[in-house]
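A short worksheet on the structure shown next.
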Amino acid sequence: MPQNYKALQGFRDILPDEQAYWYFVEKTATEVAQLYGYRRIETPILEETGVFYRTVGEGTDIVEKEMYSFDDRADKEGHRTNITLRPEGTAGTVRAYLENGLFKLPQPVKLFYFGPFFRREKPQAGRYREHHQFGCEVIGDGDPAIDAELVGLLYQLYTTLGLRYIRVNLNSIGDSNCRPQYIETLKEYYRPLLSDCCQDCQVRFYKNPLRLLDCKEPQDQAKIKAAPKIVEYLCEPCREHFVAVQQFLKQYNVPFTLDPLIVRGLDYYTRTVFEFTSEIDKLALNGGGRYDGLAELLGGPPTPGIGFGAGVERIILELKKQGIVPPVEEKPRAFVVHFGKTAELKEAAVGLVAELRQAGIKAEMSYGDRSPKAQMKQANASGAAYALIIGESELANKSVSVKDLRAGSMETEQKQVEMKREELLPMLKHGH
RNA sequence: GUGACCGUAGCUAAAUAGGCAGAGCUCUGGAUUGUGGCUCCAGCGGUUGUGGGUUCAAGCCCCAUCGGUCACCCCA
């Protein structure tokens, strides 16, 4: 086909056939979030670049090489603002919390959102340059019960969707009190081993030492196993917080695993971090954690917060892998066909469809003046329960021939009756 | 950003060892004029992702480029 344009790399269309999955996930997530007392927020897709710059972290790949950033058009003074397609949801949400004075509301403020996010990565399984996250953020209170609540919420979402084989990994990465010291300890441990490490780890040592623990190279596994773990180096407040989170989480009956090796990639995380992975393919479905220092980075007062982002594409991928099918789209109740080519017949058909739809009955009709046979074929293909036939005789009688398309073959039983127009609606509404 | 594999109709896909690009599904029309599913017939739909090169001849071989899939990196 002659065509000049394709969707950009890593961007894709979500076609109608796919929408049932999206609706299923969004509806379920909304219901679970509301059950937990979360309220929806929407923030702009474009933000000033500064919103993400220091919060997500200057040294992170996201900020360093994956953001879609550009200078906006010049204002009257000729000044151009550098703006960015949001790569994640937390920073913008906290910005909105501060800007709109949500700190004046009873604390904490519990929010959820859906949205497209943009990162210029190389596409891969469950990864796109435009992807969607279901996210929750709780801002304004540092209670460890909230940490447990968020994990409980996510777990309930996945089980409600019907997912199994979900692994919940939990860790604490300390805060500005204890983490810097731990990182020094970790580096001291690694320094003599460095020459024996893989290429990536040599870089990680300087750039993001915590990520040394994330390495998957076989040659480094023994080093990781013997490395000092951050949980053993937490300061007292962080340790107490982490213990409390686990206690509360048991109340939610969420089977979790303490994984001293999970460290999140974004700079703003403190204390509790968690991620849920599929045990089938090790795919991370969501990531999240506490970010008690984030509000200050955005110029606000010290404000505790915690949240997660769950990848909708990844959840849908997992649903498909586990053979979970979303509720099917509702089929039309009736399909109106007209036999004959007069303007009166077509008008009667349009009028009938209009009447049904306005009465709340899902109805379809055939367009383009096709033959009776073609219209009946379409009626059948539409999955409608009934074909409503209007021809010359029906028009004269102010009636409609009703044919049940669901039961039996046409040879065994015709199942066609002529009904008065006024009998039609009650039958379609209440009939089987 | 690095690497591997792969691009044939809307979808799924054939095409010995370079030799006329063939199917199935979908869609449209028809099988005695107002009746669906099953069956049968026909039609629409391709510059084989794109651009070069080798060759008498390229879907097939070579180069480049774009895209897809997957892994690494990183992350939802």
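Every chain in the structure tokens takes a letter, A first, then B, and so on in the order presented; its residues are numbered from 1, and the ligands are numbered from 1 following the presented order.
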Selection: 12 Å around Lys207 in chain A, only C-alpha atoms (C1' of nucleotides), excl. self and same-chain fewer than 3 positions, as a PyMOL selection string
chain A and resi 57-61+183+187+200-204+210-212+265+267
Neighbours of G3 in chain B within 12 Å (only C-alpha atoms (C1' of nucleotides); same-chain residues fewer than 3 positions away dropped), as a list in words?
C70, A71, C72 and C73 of chain B
Where does chain A meet chain B within 7 Å, residue by residue, with the nearest atom pair and distance in Å to one decimal for each, counting only C-alpha atoms (C1' of nucleotides), listed by chain and rising number, as JSON lines?
{"residue": "A:Asp61", "atom": "CA", "partner": "B:C74", "partner_atom": "C1'", "distance": 6.5}
{"residue": "A:Gln124", "atom": "CA", "partner": "B:C70", "partner_atom": "C1'", "distance": 6.9}
{"residue": "A:Gln133", "atom": "CA", "partner": "B:A76", "partner_atom": "C1'", "distance": 6.4}
{"residue": "A:Leu285", "atom": "CA", "partner": "B:A76", "partner_atom": "C1'", "distance": 6.4}
{"residue": "A:Asn286", "atom": "CA", "partner": "B:A76", "partner_atom": "C1'", "distance": 5.4}
{"residue": "A:Gly287", "atom": "CA", "partner": "B:A76", "partner_atom": "C1'", "distance": 6.7}
{"residue": "A:Gly309", "atom": "CA", "partner": "B:A76", "partner_atom": "C1'", "distance": 6.0}
{"residue": "A:Ala310", "atom": "CA", "partner": "B:A76", "partner_atom": "C1'", "distance": 5.3}
{"residue": "A:Gly311", "atom": "CA", "partner": "B:A76", "partner_atom": "C1'", "distance": 4.0}
{"residue": "A:Phe339", "atom": "CA", "partner": "B:G34", "partner_atom": "C1'", "distance": 5.8}
{"residue": "A:Pro372", "atom": "CA", "partner": "B:U35", "partner_atom": "C1'", "distance": 6.7}
{"residue": "A:Lys373", "atom": "CA", "partner": "B:U35", "partner_atom": "C1'", "distance": 6.2}
{"residue": "A:Met376", "atom": "CA", "partner": "B:G36", "partner_atom": "C1'", "distance": 4.7}
{"residue": "A:Lys377", "atom": "CA", "partner": "B:G36", "partner_atom": "C1'", "distance": 4.7}
{"residue": "A:Ala379", "atom": "CA", "partner": "B:G36", "partner_atom": "C1'", "distance": 6.9}
{"residue": "A:Asn380", "atom": "CA", "partner": "B:G36", "partner_atom": "C1'", "distance": 5.2}
With only C-alpha atoms as the atoms that count, which of A:Gln219, A:Thr49, A:Ser382, A:Gln156 lies nearest to Met365 in chain A?
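Of A:Gln219, A:Thr49, A:Ser382, A:Gln156, the one nearest Met365 in chain A is A:Ser382, counting only C-alpha atoms.
Shell of C40 in chain B at 12 Å, with only C-alpha atoms (C1' of nucleotides) counted and residues fewer than 2 places along the chain excluded, is G30, A31, C38 and A42 of chain B.
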Output N, CA and C atoms (P, O5', C5', C4', C3', O3' and C1' of nucleotides) of each residue in that selection to a file, as a short mmCIF file (atom, residue, chain, number, x, y, z; two decimals), in the first residue's frame.
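Ended up saving to result_37.cif:
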data_model
loop_
_atom_site.label_atom_id
_atom_site.label_comp_id
_atom_site.auth_asym_id
_atom_site.auth_seq_id
_atom_site.Cartn_x
_atom_site.Cartn_y
_atom_site.Cartn_z
P G B 30 -25.05 -9.63 -4.46
"O5'" G B 30 -24.78 -11.03 -5.19
"C5'" G B 30 -25.00 -11.15 -6.58
"C4'" G B 30 -24.49 -12.47 -7.09
"C3'" G B 30 -25.25 -13.72 -6.64
"O3'" G B 30 -26.47 -13.90 -7.34
"C1'" G B 30 -22.93 -14.12 -6.53
P A B 31 -27.63 -14.76 -6.69
"O5'" A B 31 -27.06 -16.25 -6.77
"C5'" A B 31 -26.94 -16.90 -8.03
"C4'" A B 31 -26.60 -18.34 -7.83
"C3'" A B 31 -27.49 -19.10 -6.84
"O3'" A B 31 -28.69 -19.54 -7.44
"C1'" A B 31 -25.23 -19.55 -6.36
P C B 38 -19.86 -20.18 8.67
"O5'" C B 38 -20.21 -21.62 8.04
"C5'" C B 38 -20.12 -22.78 8.85
"C4'" C B 38 -20.47 -24.00 8.04
"C3'" C B 38 -19.91 -24.05 6.62
"O3'" C B 38 -18.56 -24.48 6.60
"C1'" C B 38 -22.19 -24.67 6.57
P A B 42 -13.40 -19.76 -8.97
"O5'" A B 42 -13.80 -18.23 -9.08
"C5'" A B 42 -14.25 -17.70 -10.31
"C4'" A B 42 -14.81 -16.31 -10.13
"C3'" A B 42 -13.82 -15.24 -9.63
"O3'" A B 42 -13.00 -14.75 -10.67
"C1'" A B 42 -15.85 -15.06 -8.43
#
Looking only at strand (DSSP E) from DSSP on the backbone, list the matching residues of range 144-336 of chain A as a count of residues only.
36
